[in-house]
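**Student:** If it helps, the file is called run_3.cif and holds mmCIF, C-alpha atoms (C1' of nucleotides):
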data_work
#
loop_
_atom_site.group_PDB
_atom_site.id
_atom_site.type_symbol
_atom_site.label_atom_id
_atom_site.label_comp_id
_atom_site.auth_asym_id
_atom_site.auth_seq_id
_atom_site.Cartn_x
_atom_site.Cartn_y
_atom_site.Cartn_z
ATOM 1 C CA MET C 21 12.248 10.598 -1.950
ATOM 2 C CA ASP C 22 9.465 12.636 -0.414
ATOM 3 C CA GLU C 23 6.428 11.447 1.457
ATOM 4 C CA ARG C 24 4.206 11.502 -1.623
ATOM 5 C CA GLN C 25 6.585 9.272 -3.571
ATOM 6 C CA ALA C 26 6.990 6.938 -0.624
ATOM 7 C CA ILE C 27 3.217 6.547 -0.298
ATOM 8 C CA GLY C 28 3.053 5.701 -3.998
ATOM 9 C CA ALA C 29 5.836 3.149 -3.704
ATOM 10 C CA PHE C 30 4.336 1.536 -0.595
ATOM 11 C CA GLY C 31 1.013 1.283 -2.395
ATOM 12 C CA ALA C 32 2.659 -0.284 -5.411
ATOM 13 C CA LEU C 33 4.362 -2.910 -3.264
ATOM 14 C CA SER C 34 1.265 -3.707 -1.234
ATOM 15 C CA GLN C 35 -0.157 -6.121 -3.780
ATOM 16 C CA GLU C 36 0.921 -9.712 -4.187
ATOM 17 C CA THR C 37 1.382 -9.796 -7.954
ATOM 18 C CA ARG C 38 3.293 -6.531 -7.976
ATOM 19 C CA LEU C 39 5.567 -7.497 -5.116
ATOM 20 C CA GLN C 40 6.341 -10.728 -6.939
ATOM 21 C CA ILE C 41 7.113 -8.818 -10.114
ATOM 22 C CA ILE C 42 9.599 -6.661 -8.239
ATOM 23 C CA ARG C 43 11.172 -9.681 -6.582
ATOM 24 C CA MET C 44 11.589 -11.353 -9.981
ATOM 25 C CA LEU C 45 13.023 -8.238 -11.585
ATOM 26 C CA VAL C 46 15.494 -7.768 -8.754
ATOM 27 C CA VAL C 47 16.745 -11.284 -9.346
ATOM 28 C CA ALA C 48 16.757 -10.766 -13.103
ATOM 29 C CA GLY C 49 19.028 -7.751 -12.686
ATOM 30 C CA PRO C 50 19.860 -5.167 -15.345
ATOM 31 C CA GLU C 51 18.879 -7.533 -18.149
ATOM 32 C CA GLY C 52 15.289 -7.340 -17.028
ATOM 33 C CA MET C 53 12.478 -9.512 -18.269
ATOM 34 C CA ALA C 54 9.962 -9.336 -21.071
ATOM 35 C CA ALA C 55 6.378 -8.706 -20.004
ATOM 36 C CA GLY C 56 5.373 -12.028 -21.506
ATOM 37 C CA SER C 57 7.922 -13.983 -19.474
ATOM 38 C CA ILE C 58 6.750 -12.318 -16.296
ATOM 39 C CA ALA C 59 3.122 -13.087 -17.094
ATOM 40 C CA GLU C 60 3.966 -16.697 -17.801
ATOM 41 C CA LYS C 61 5.988 -17.211 -14.636
ATOM 42 C CA LEU C 62 3.384 -15.573 -12.445
ATOM 43 C CA ASP C 63 0.474 -17.089 -14.303
ATOM 44 C CA VAL C 64 -1.499 -13.900 -14.785
ATOM 45 C CA SER C 65 -3.217 -12.662 -17.921
ATOM 46 C CA ALA C 66 -1.397 -10.275 -20.205
ATOM 47 C CA SER C 67 -3.809 -7.453 -19.567
ATOM 48 C CA ASN C 68 -3.728 -7.914 -15.830
ATOM 49 C CA LEU C 69 0.050 -7.956 -15.851
ATOM 50 C CA SER C 70 0.074 -4.840 -17.947
ATOM 51 C CA PHE C 71 -2.139 -3.140 -15.402
ATOM 52 C CA HIS C 72 0.248 -3.974 -12.576
ATOM 53 C CA LEU C 73 3.330 -3.021 -14.560
ATOM 54 C CA LYS C 74 1.768 0.353 -15.175
ATOM 55 C CA GLU C 75 1.191 0.785 -11.464
ATOM 56 C CA LEU C 76 4.824 -0.077 -10.762
ATOM 57 C CA ASP C 77 5.867 2.337 -13.465
ATOM 58 C CA ARG C 78 3.760 5.137 -11.977
ATOM 59 C CA ALA C 79 5.526 4.533 -8.678
ATOM 60 C CA GLY C 80 8.899 4.762 -10.430
ATOM 61 C CA LEU C 81 9.793 1.234 -9.398
ATOM 62 C CA VAL C 82 10.363 -0.125 -12.898
ATOM 63 C CA GLY C 83 11.557 1.064 -16.275
ATOM 64 C CA GLN C 84 10.853 -0.372 -19.693
ATOM 65 C CA GLN C 85 12.385 -0.589 -23.088
ATOM 66 C CA ARG C 86 11.181 -2.143 -26.287
ATOM 67 C CA GLU C 87 13.254 -4.889 -27.817
ATOM 68 C CA ALA C 88 11.800 -6.221 -31.031
ATOM 69 C CA ARG C 89 8.261 -7.289 -30.216
ATOM 70 C CA SER C 90 8.876 -7.632 -26.525
ATOM 71 C CA ILE C 91 8.925 -4.935 -23.914
ATOM 72 C CA ILE C 92 11.651 -5.499 -21.376
ATOM 73 C CA TYR C 93 11.036 -4.366 -17.828
ATOM 74 C CA THR C 94 13.784 -3.659 -15.327
ATOM 75 C CA VAL C 95 13.583 -2.747 -11.684
ATOM 76 C CA ASN C 96 14.585 0.777 -10.759
ATOM 77 C CA TYR C 97 17.143 0.275 -8.013
ATOM 78 C CA ASP C 98 17.308 3.973 -7.219
ATOM 79 C CA THR C 99 13.668 4.095 -6.243
ATOM 80 C CA LEU C 100 13.940 0.880 -4.288
ATOM 81 C CA SER C 101 16.926 2.040 -2.306
ATOM 82 C CA GLY C 102 15.334 5.474 -1.922
ATOM 83 C CA LEU C 103 12.419 3.756 -0.277
ATOM 84 C CA VAL C 104 14.673 1.797 2.055
ATOM 85 C CA ARG C 105 16.357 5.006 2.987
ATOM 86 C CA PHE C 106 13.049 6.788 3.566
ATOM 87 C CA LEU C 107 11.923 3.989 5.825
ATOM 88 C CA MET C 108 15.192 3.875 7.731
ATOM 89 C CA GLU C 109 15.247 7.582 8.318
ATOM 90 C CA ASP C 110 11.698 7.502 9.590
ATOM 91 C CA CYS C 111 12.457 4.428 11.554
ATOM 92 C CA CYS C 112 15.705 5.652 13.030
ATOM 93 C CA SER C 113 15.099 9.317 13.354
ATOM 94 C CA GLY C 114 15.818 9.975 16.997
ATOM 95 C CA HIS C 115 16.016 6.261 17.731
ATOM 96 C CA PRO C 116 19.205 4.876 16.178
ATOM 97 C CA GLU C 117 19.260 1.852 18.432
ATOM 98 C CA VAL C 118 16.260 0.465 16.587
ATOM 99 C CA CYS C 119 17.785 0.222 13.151
ATOM 100 C CA LEU C 120 21.266 -0.808 14.038
ATOM 101 C CA PRO C 121 20.243 -4.473 14.089
ATOM 102 C CA VAL C 122 18.955 -4.054 10.559
ATOM 103 C CA THR C 123 22.208 -2.763 9.188
ATOM 104 C CA ALA C 124 24.157 -5.305 11.162
ATOM 105 C CA ALA C 125 22.057 -8.295 10.214
ATOM 106 C CA ALA C 126 20.813 -7.581 6.748
ATOM 107 C CA ALA C 127 23.329 -5.140 5.421
ATOM 108 C CA CYS C 128 23.572 -5.607 1.718
ATOM 109 C CA ARG C 129 24.894 -9.024 1.130
ATOM 110 C CA PRO C 130 23.415 -11.635 -1.164
ATOM 111 C CA ARG C 131 21.121 -13.891 0.783
ATOM 112 C CA ALA C 132 22.775 -17.164 1.726
ATOM 113 C CA LYS C 133 21.025 -20.476 1.251
ATOM 114 C CA ASP C 134 21.091 -21.211 4.975
ATOM 115 C CA ASP C 135 20.003 -17.694 5.927
ATOM 116 C CA PRO C 136 17.045 -17.838 8.292
ATOM 117 C CA GLN C 137 14.211 -15.590 7.123
ATOM 118 C CA MET Z 13 8.698 -11.147 8.198
ATOM 119 C CA ASP Z 14 7.136 -13.085 5.357
ATOM 120 C CA GLU Z 15 5.681 -11.780 2.140
ATOM 121 C CA ARG Z 16 2.142 -11.696 3.468
ATOM 122 C CA GLN Z 17 3.142 -9.556 6.443
ATOM 123 C CA ALA Z 18 5.195 -7.284 4.239
ATOM 124 C CA ILE Z 19 2.252 -6.729 1.906
ATOM 125 C CA GLY Z 20 0.112 -5.827 4.908
ATOM 126 C CA ALA Z 21 2.700 -3.409 6.229
ATOM 127 C CA PHE Z 22 3.232 -1.766 2.831
ATOM 128 C CA GLY Z 23 -0.515 -1.354 2.499
ATOM 129 C CA ALA Z 24 -0.757 0.180 5.941
ATOM 130 C CA LEU Z 25 1.961 2.700 5.125
ATOM 131 C CA SER Z 26 0.509 3.611 1.735
ATOM 132 C CA GLN Z 27 -1.967 6.102 3.124
ATOM 133 C CA GLU Z 28 -1.115 9.648 4.090
ATOM 134 C CA THR Z 29 -2.791 9.777 7.486
ATOM 135 C CA ARG Z 30 -1.365 6.425 8.510
ATOM 136 C CA LEU Z 31 2.157 7.260 7.390
ATOM 137 C CA GLN Z 32 1.936 10.480 9.373
ATOM 138 C CA ILE Z 33 0.752 8.586 12.428
ATOM 139 C CA ILE Z 34 3.770 6.296 12.204
ATOM 140 C CA ARG Z 35 6.119 9.224 11.731
ATOM 141 C CA MET Z 36 4.676 10.908 14.812
ATOM 142 C CA LEU Z 37 4.860 7.763 16.894
ATOM 143 C CA VAL Z 38 8.459 7.158 15.874
ATOM 144 C CA VAL Z 39 9.321 10.637 17.092
ATOM 145 C CA ALA Z 40 7.246 10.150 20.238
ATOM 146 C CA GLY Z 41 9.242 7.048 21.101
ATOM 147 C CA PRO Z 42 8.375 4.479 23.749
ATOM 148 C CA GLU Z 43 6.124 6.931 25.590
ATOM 149 C CA GLY Z 44 3.735 6.868 22.652
ATOM 150 C CA MET Z 45 0.798 9.177 22.183
ATOM 151 C CA ALA Z 46 -2.847 9.141 23.139
ATOM 152 C CA ALA Z 47 -5.280 8.646 20.278
ATOM 153 C CA GLY Z 48 -6.797 12.036 21.030
ATOM 154 C CA SER Z 49 -3.473 13.833 20.738
ATOM 155 C CA ILE Z 50 -2.770 12.190 17.419
ATOM 156 C CA ALA Z 51 -6.208 13.120 16.101
ATOM 157 C CA GLU Z 52 -5.733 16.709 17.215
ATOM 158 C CA LYS Z 53 -2.272 17.075 15.687
ATOM 159 C CA LEU Z 54 -3.308 15.519 12.386
ATOM 160 C CA ASP Z 55 -6.708 17.193 12.370
ATOM 161 C CA VAL Z 56 -8.758 14.100 11.647
ATOM 162 C CA SER Z 57 -11.979 12.983 13.299
ATOM 163 C CA ALA Z 58 -11.827 10.569 16.199
ATOM 164 C CA SER Z 59 -13.615 7.844 14.298
ATOM 165 C CA ASN Z 60 -11.474 8.231 11.226
ATOM 166 C CA LEU Z 61 -8.332 8.095 13.326
ATOM 167 C CA SER Z 62 -9.611 5.009 15.064
ATOM 168 C CA PHE Z 63 -10.141 3.353 11.703
ATOM 169 C CA HIS Z 64 -6.566 4.060 10.653
ATOM 170 C CA LEU Z 65 -5.116 3.007 13.994
ATOM 171 C CA LYS Z 66 -6.893 -0.288 13.608
ATOM 172 C CA GLU Z 67 -5.356 -0.751 10.190
ATOM 173 C CA LEU Z 68 -1.904 -0.048 11.598
ATOM 174 C CA ASP Z 69 -2.609 -2.463 14.404
ATOM 175 C CA ARG Z 70 -3.663 -5.183 11.976
ATOM 176 C CA ALA Z 71 -0.358 -4.702 10.183
ATOM 177 C CA GLY Z 72 1.470 -5.041 13.503
ATOM 178 C CA LEU Z 73 2.935 -1.580 13.170
ATOM 179 C CA VAL Z 74 1.551 -0.196 16.428
ATOM 180 C CA GLY Z 75 0.673 -1.394 19.873
ATOM 181 C CA GLN Z 76 -1.732 0.097 22.377
ATOM 182 C CA GLN Z 77 -2.290 0.306 26.066
ATOM 183 C CA ARG Z 78 -4.992 1.960 28.100
ATOM 184 C CA GLU Z 79 -3.967 4.635 30.526
ATOM 185 C CA ALA Z 80 -6.870 6.062 32.480
ATOM 186 C CA ARG Z 81 -9.343 7.321 29.902
ATOM 187 C CA SER Z 82 -6.794 7.549 27.119
ATOM 188 C CA ILE Z 83 -5.455 4.814 24.910
ATOM 189 C CA ILE Z 84 -1.775 5.213 24.292
ATOM 190 C CA TYR Z 85 -0.391 4.079 20.965
ATOM 191 C CA THR Z 86 3.246 3.229 20.380
ATOM 192 C CA VAL Z 87 5.042 2.265 17.211
ATOM 193 C CA ASN Z 88 6.230 -1.309 16.954
ATOM 194 C CA TYR Z 89 9.896 -0.950 16.072
ATOM 195 C CA ASP Z 90 10.318 -4.649 15.452
ATOM 196 C CA THR Z 91 7.813 -4.631 12.633
ATOM 197 C CA LEU Z 92 9.238 -1.455 11.195
ATOM 198 C CA SER Z 93 12.782 -2.773 11.160
ATOM 199 C CA GLY Z 94 11.524 -6.134 9.939
ATOM 200 C CA LEU Z 95 10.061 -4.329 6.984
ATOM 201 C CA VAL Z 96 13.307 -2.502 6.286
ATOM 202 C CA ARG Z 97 15.094 -5.773 6.407
ATOM 203 C CA PHE Z 98 12.587 -7.434 4.076
ATOM 204 C CA LEU Z 99 12.991 -4.617 1.615
ATOM 205 C CA MET Z 100 16.767 -4.666 1.794
ATOM 206 C CA GLU Z 101 16.976 -8.377 1.296
ATOM 207 C CA ASP Z 102 14.700 -8.167 -1.710
ATOM 208 C CA CYS Z 103 16.527 -5.129 -2.900
ATOM 209 C CA CYS Z 104 19.991 -6.488 -2.401
ATOM 210 C CA SER Z 105 19.527 -10.146 -3.030
ATOM 211 C CA GLY Z 106 22.072 -10.853 -5.714
ATOM 212 C CA HIS Z 107 22.845 -7.173 -6.142
ATOM 213 C CA PRO Z 108 24.713 -5.893 -3.091
ATOM 214 C CA GLU Z 109 26.133 -2.904 -4.909
ATOM 215 C CA VAL Z 110 22.683 -1.355 -5.007
ATOM 216 C CA CYS Z 111 22.053 -1.123 -1.312
ATOM 217 C CA LEU Z 112 25.497 -0.253 -0.096
ATOM 218 C CA PRO Z 113 24.810 3.455 -0.644
ATOM 219 C CA VAL Z 114 21.810 3.137 1.613
ATOM 220 C CA THR Z 115 23.732 1.738 4.518
ATOM 221 C CA ALA Z 116 26.543 4.182 3.938
ATOM 222 C CA ALA Z 117 24.377 7.273 3.596
ATOM 223 C CA ALA Z 118 21.440 6.691 5.841
ATOM 224 C CA ALA Z 119 22.703 4.144 8.282
ATOM 225 C CA CYS Z 120 20.929 4.641 11.519
ATOM 226 C CA ARG Z 121 21.838 7.997 12.795
ATOM 227 C CA PRO Z 122 19.419 10.654 13.992
ATOM 228 C CA ARG Z 123 18.666 13.015 11.152
ATOM 229 C CA ALA Z 124 20.679 16.221 11.369
ATOM 230 C CA LYS Z 125 19.032 19.603 10.938
ATOM 231 C CA ASP Z 126 21.069 20.356 7.809
ATOM 232 C CA ASP Z 127 20.575 16.903 6.374
ATOM 233 C CA PRO Z 128 19.334 17.126 2.793
ATOM 234 C CA GLN Z 129 16.266 14.965 2.201
ATOM 235 C "C1'" DT G 29 0.738 -6.460 -47.871
ATOM 236 C "C1'" DC G 30 -0.776 -9.748 -44.658
ATOM 237 C "C1'" DA G 31 -0.830 -12.580 -40.670
ATOM 238 C "C1'" DA G 32 0.998 -13.690 -36.239
ATOM 239 C "C1'" DC G 33 2.976 -12.142 -32.034
ATOM 240 C "C1'" DG G 34 3.597 -9.395 -27.830
ATOM 241 C "C1'" DT G 35 1.690 -5.963 -25.443
ATOM 242 C "C1'" DT G 36 -1.406 -2.191 -24.062
ATOM 243 C "C1'" DT G 37 -5.880 0.091 -23.729
ATOM 244 C "C1'" DC G 38 -10.588 0.269 -22.705
ATOM 245 C "C1'" DA G 39 -15.044 -0.492 -20.470
ATOM 246 C "C1'" DA G 40 -17.590 -2.984 -17.240
ATOM 247 C "C1'" DG G 41 -18.207 -5.124 -12.931
ATOM 248 C "C1'" DG G 42 -16.774 -6.705 -8.489
ATOM 249 C "C1'" DA G 43 -14.030 -6.061 -4.390
ATOM 250 C "C1'" DT G 44 -11.741 -3.414 -1.141
ATOM 251 C "C1'" DT G 45 -10.778 0.805 1.331
ATOM 252 C "C1'" DA G 46 -11.849 5.528 3.169
ATOM 253 C "C1'" DT G 47 -14.927 8.926 5.219
ATOM 254 C "C1'" DT G 48 -18.791 10.473 7.878
ATOM 255 C "C1'" DG G 49 -21.865 11.029 11.734
ATOM 256 C "C1'" DA G 50 -24.470 8.751 15.192
ATOM 257 C "C1'" DA G 51 -24.562 5.467 18.736
ATOM 258 C "C1'" DA G 52 -22.135 2.463 21.968
ATOM 259 C "C1'" DT G 53 -18.431 1.385 25.401
ATOM 260 C "C1'" DA G 54 -15.198 2.202 29.092
ATOM 261 C "C1'" DT G 55 -13.146 5.239 32.575
ATOM 262 C "C1'" DG G 56 -12.816 8.645 36.196
ATOM 263 C "C1'" DG G 57 -14.580 12.252 39.116
ATOM 264 C "C1'" DA G 58 -18.466 14.878 41.472
ATOM 265 C "C1'" DT X 20 -25.254 7.276 40.647
ATOM 266 C "C1'" DC X 21 -24.687 10.629 37.088
ATOM 267 C "C1'" DC X 22 -22.065 13.212 33.953
ATOM 268 C "C1'" DA X 23 -18.142 14.293 31.108
ATOM 269 C "C1'" DT X 24 -14.306 12.482 28.652
ATOM 270 C "C1'" DA X 25 -11.781 9.400 25.435
ATOM 271 C "C1'" DT X 26 -12.285 6.170 22.218
ATOM 272 C "C1'" DT X 27 -14.386 2.580 19.341
ATOM 273 C "C1'" DT X 28 -18.052 0.516 16.598
ATOM 274 C "C1'" DC X 29 -21.484 0.605 13.219
ATOM 275 C "C1'" DA X 30 -23.996 1.566 8.943
ATOM 276 C "C1'" DA X 31 -24.126 4.066 4.895
ATOM 277 C "C1'" DT X 32 -21.922 6.199 1.186
ATOM 278 C "C1'" DA X 33 -18.092 7.570 -1.699
ATOM 279 C "C1'" DA X 34 -13.808 6.574 -3.663
ATOM 280 C "C1'" DT X 35 -10.288 3.636 -5.206
ATOM 281 C "C1'" DC X 36 -8.398 -0.601 -6.806
ATOM 282 C "C1'" DC X 37 -8.497 -5.188 -9.148
ATOM 283 C "C1'" DT X 38 -9.961 -8.405 -12.680
ATOM 284 C "C1'" DT X 39 -11.763 -9.736 -17.044
ATOM 285 C "C1'" DG X 40 -12.299 -10.086 -21.945
ATOM 286 C "C1'" DA X 41 -12.449 -7.710 -26.186
ATOM 287 C "C1'" DA X 42 -10.400 -4.571 -29.146
ATOM 288 C "C1'" DA X 43 -6.460 -1.801 -30.657
ATOM 289 C "C1'" DC X 44 -1.499 -1.001 -31.418
ATOM 290 C "C1'" DG X 45 3.219 -1.691 -32.902
ATOM 291 C "C1'" DT X 46 6.623 -5.088 -34.694
ATOM 292 C "C1'" DT X 47 8.362 -8.817 -37.390
ATOM 293 C "C1'" DG X 48 8.727 -12.170 -40.956
ATOM 294 C "C1'" DA X 49 6.579 -14.418 -45.054
#
Written as structure tokens, how would this file's structure read?
**Tutor:**
Amino acid sequence: MDERQAIGAFGALSQETRLQIIRMLVVAGPEGMAAGSIAEKLDVSASNLSFHLKELDRAGLVGQQREARSIIYTVNYDTLSGLVRFLMEDCCSGHPEVCLPVTAAAACRPRAKDDPQ
Amino acid sequence: MDERQAIGAFGALSQETRLQIIRMLVVAGPEGMAAGSIAEKLDVSASNLSFHLKELDRAGLVGQQREARSIIYTVNYDTLSGLVRFLMEDCCSGHPEVCLPVTAAAACRPRAKDDPQ
DNA sequence: TCAACGTTTCAAGGATTATTGAAATATGGA
DNA sequence: TCCATATTTCAATAATCCTTGAAACGTTGA
């Protein structure tokens, strides 16, 4: 992931509806969700949702696939983890001590119910 | 870091000049850099730089401190690593397999000269 | 073929964000 | 005190982004 892509991804995630879409799709996993289900859960209009999905698509954060009348959206884990990596390299570059707590504390485990935010 | 803060931080990083400021400040470390030096290196006007520094400050990504006539800016590592953690928890939540490569590949080491991007 | 469904596209307007240059503020030295 | 330096603030404009509703598109089943 280069700087240009990272800027696009940061921009895509810097909007409430879009961040919520990504959060939902991460939870939904590889099965994804139909645009209509997302719109319903987030209580946004179809056209507004479509606008935001297109933004996420432009940033490479989601993929889509038609299934009958619905269009199923899935999160693109590669882009998401590419972004984490970009941020960590920027964050750690020359200053490893800063990110070590991140890997130690948050390192890739499912979040537990009693996990403090 | 809650969602609102994360959105603010993503927004702050989604602009070329601001991302470059953060990158520079990360490299500069705890010593930080004077606003003037940043402006000179990035070739932006003083007032434009000031605008972007204020945005970064609002997002909690930088701190400042006057030193004689200069104002020294430093990156706020806590916010930066908080953001990484937010992203990883969203990214990994329920899907640990996705982020493991990140921790394995990028985990907090200084970037080597021959390190492929 | 037709109608209903799920979704996207389009155009318009409002809201937010970025850039610019001039003026204001704070500091330090002569 | 006065001047130069370093930076911020302000107002105006330009650019970008978000929302809305209407219309268009593709798909399915009758």
**Student:** Taking into account only C-alpha atoms (C1' of nucleotides), which residue in the set C:Met44, C:Ile91, C:Leu81, C:Val64 is nearest to chain G?
**Tutor:**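 Comparing C:Met44, C:Ile91, C:Leu81, C:Val64 against chain G, the winner is C:Ile91.
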**Student:** Suppose a student applies the PyMOL selection byres ((chain G and resi 37) around 9) to this structure; what residues should they get, written as a PDB file with C-alpha atoms (C1' of nucleotides), in the frame of the given file?
**Tutor:**
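Result file is out-v5.pdb:
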ATOM      1  CA  SER C  67      -3.809  -7.453 -19.567  1.00  0.00           C
TER       2      SER C  67
ATOM      3  C1'  DT G  36      -1.406  -2.191 -24.062  1.00  0.00           C
ATOM      4  C1'  DC G  38     -10.588   0.269 -22.705  1.00  0.00           C
TER       5       DC G  38
ATOM      6  C1'  DA X  42     -10.400  -4.571 -29.146  1.00  0.00           C
ATOM      7  C1'  DA X  43      -6.460  -1.801 -30.657  1.00  0.00           C
ATOM      8  C1'  DC X  44      -1.499  -1.001 -31.418  1.00  0.00           C
TER       9       DC X  44
END
**Student:** Check what the PyMOL selection byres ((chain G) within 10 of (chain Z)) selects in the file above and give those residues as a list in words.
**Tutor:** DA46, DT47, DT48, DG49, DA54, DT55 and DG56 of chain G
**Student:** Go ahead and write the selection's residues with C-alpha atoms (C1' of nucleotides) as an mmCIF file, in the frame of the given file.
**Tutor:**
data_model
loop_
_atom_site.group_PDB
_atom_site.id
_atom_site.type_symbol
_atom_site.label_atom_id
_atom_site.label_comp_id
_atom_site.auth_asym_id
_atom_site.auth_seq_id
_atom_site.Cartn_x
_atom_site.Cartn_y
_atom_site.Cartn_z
ATOM 1 C "C1'" DA G 46 -11.849 5.528 3.169
ATOM 2 C "C1'" DT G 47 -14.927 8.926 5.219
ATOM 3 C "C1'" DT G 48 -18.791 10.473 7.878
ATOM 4 C "C1'" DG G 49 -21.865 11.029 11.734
ATOM 5 C "C1'" DA G 54 -15.198 2.202 29.092
ATOM 6 C "C1'" DT G 55 -13.146 5.239 32.575
ATOM 7 C "C1'" DG G 56 -12.816 8.645 36.196
#
**Student:** Calculate how many Å separate atom CA of C:Val104 from atom CA of Z:Lys53, rounding to one decimal.
**Tutor:**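 Calculated distance between atom CA of C:Val104 and atom CA of Z:Lys53 is 26.6 Å.
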**Student:** For C:Gly52, find every residue with an atom within 10 Å (counting all atoms listed in the file), except residues of its own chain fewer than 5 positions away, and show them as a ChimeraX atom specification.
**Tutor:** /C:44-47,58,82-85,91-95
**Student:** What separation in Å, quoted to one decimal, exists between atom CA of C:Ala79 and atom CA of C:Ala32?
**Tutor:**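 Computing the Euclidean distance for atom CA of C:Ala79 and atom CA of C:Ala32 yields 6.5 Å.
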**Student:** Determine the nearest neighbour of chain C from the options X:DC22, X:DA49, X:DA31, X:DA41, counting all atoms listed in the file.
**Tutor:**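 So, comparing all the options, the nearest one is X:DA41.
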**Student:** Please reconstruct the missing atoms of stretch 102-108 of chain C (target: all heavy atoms) and return them as a tab-separated table (two decimals), keeping the file's coordinate frame.
**Tutor:**
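As written to disk, selection_37.tsv reads:
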chain	number	residue	atom	x	y	z
C	102	GLY	N	15.90	4.25	-2.49
C	102	GLY	CA	15.33	5.47	-1.92
C	102	GLY	C	14.26	5.17	-0.90
C	102	GLY	O	14.16	5.82	0.14
C	103	LEU	N	13.49	4.15	-1.20
C	103	LEU	CA	12.42	3.76	-0.28
C	103	LEU	C	12.99	3.17	1.01
C	103	LEU	O	12.53	3.49	2.11
C	103	LEU	CB	11.50	2.73	-0.96
C	103	LEU	CG	10.22	2.41	-0.22
C	103	LEU	CD1	9.34	3.63	-0.07
C	103	LEU	CD2	9.45	1.30	-0.94
C	104	VAL	N	14.01	2.34	0.86
C	104	VAL	CA	14.67	1.80	2.06
C	104	VAL	C	15.19	2.94	2.91
C	104	VAL	O	14.99	2.98	4.12
C	104	VAL	CB	15.84	0.87	1.67
C	104	VAL	CG1	16.59	0.43	2.92
C	104	VAL	CG2	15.35	-0.34	0.90
C	105	ARG	N	15.79	3.89	2.25
C	105	ARG	CA	16.36	5.01	2.99
C	105	ARG	C	15.26	5.82	3.68
C	105	ARG	O	15.40	6.21	4.84
C	105	ARG	CB	17.15	5.89	2.03
C	105	ARG	CG	17.82	7.02	2.76
C	105	ARG	CD	18.77	7.83	1.90
C	105	ARG	NE	19.22	8.96	2.69
C	105	ARG	CZ	20.11	9.86	2.30
C	105	ARG	NH1	20.64	9.76	1.10
C	105	ARG	NH2	20.46	10.84	3.08
C	106	PHE	N	14.18	6.06	2.97
C	106	PHE	CA	13.05	6.79	3.57
C	106	PHE	C	12.57	6.08	4.83
C	106	PHE	O	12.39	6.69	5.88
C	106	PHE	CB	11.90	6.87	2.56
C	106	PHE	CG	10.67	7.55	3.08
C	106	PHE	CD1	10.52	8.93	2.97
C	106	PHE	CD2	9.67	6.82	3.69
C	106	PHE	CE1	9.38	9.56	3.46
C	106	PHE	CE2	8.53	7.44	4.19
C	106	PHE	CZ	8.39	8.81	4.08
C	107	LEU	N	12.43	4.78	4.71
C	107	LEU	CA	11.92	3.99	5.82
C	107	LEU	C	12.92	4.00	6.98
C	107	LEU	O	12.55	4.15	8.14
C	107	LEU	CB	11.70	2.56	5.34
C	107	LEU	CG	10.70	1.67	6.07
C	107	LEU	CD1	9.43	2.41	6.38
C	107	LEU	CD2	10.41	0.45	5.21
C	108	MET	N	14.19	3.90	6.67
C	108	MET	CA	15.19	3.88	7.73
C	108	MET	C	15.29	5.21	8.42
C	108	MET	O	15.47	5.28	9.63
C	108	MET	CB	16.54	3.47	7.17
C	108	MET	CG	16.58	2.01	6.78
C	108	MET	SD	18.21	1.48	6.31
C	108	MET	CE	19.05	1.53	7.89
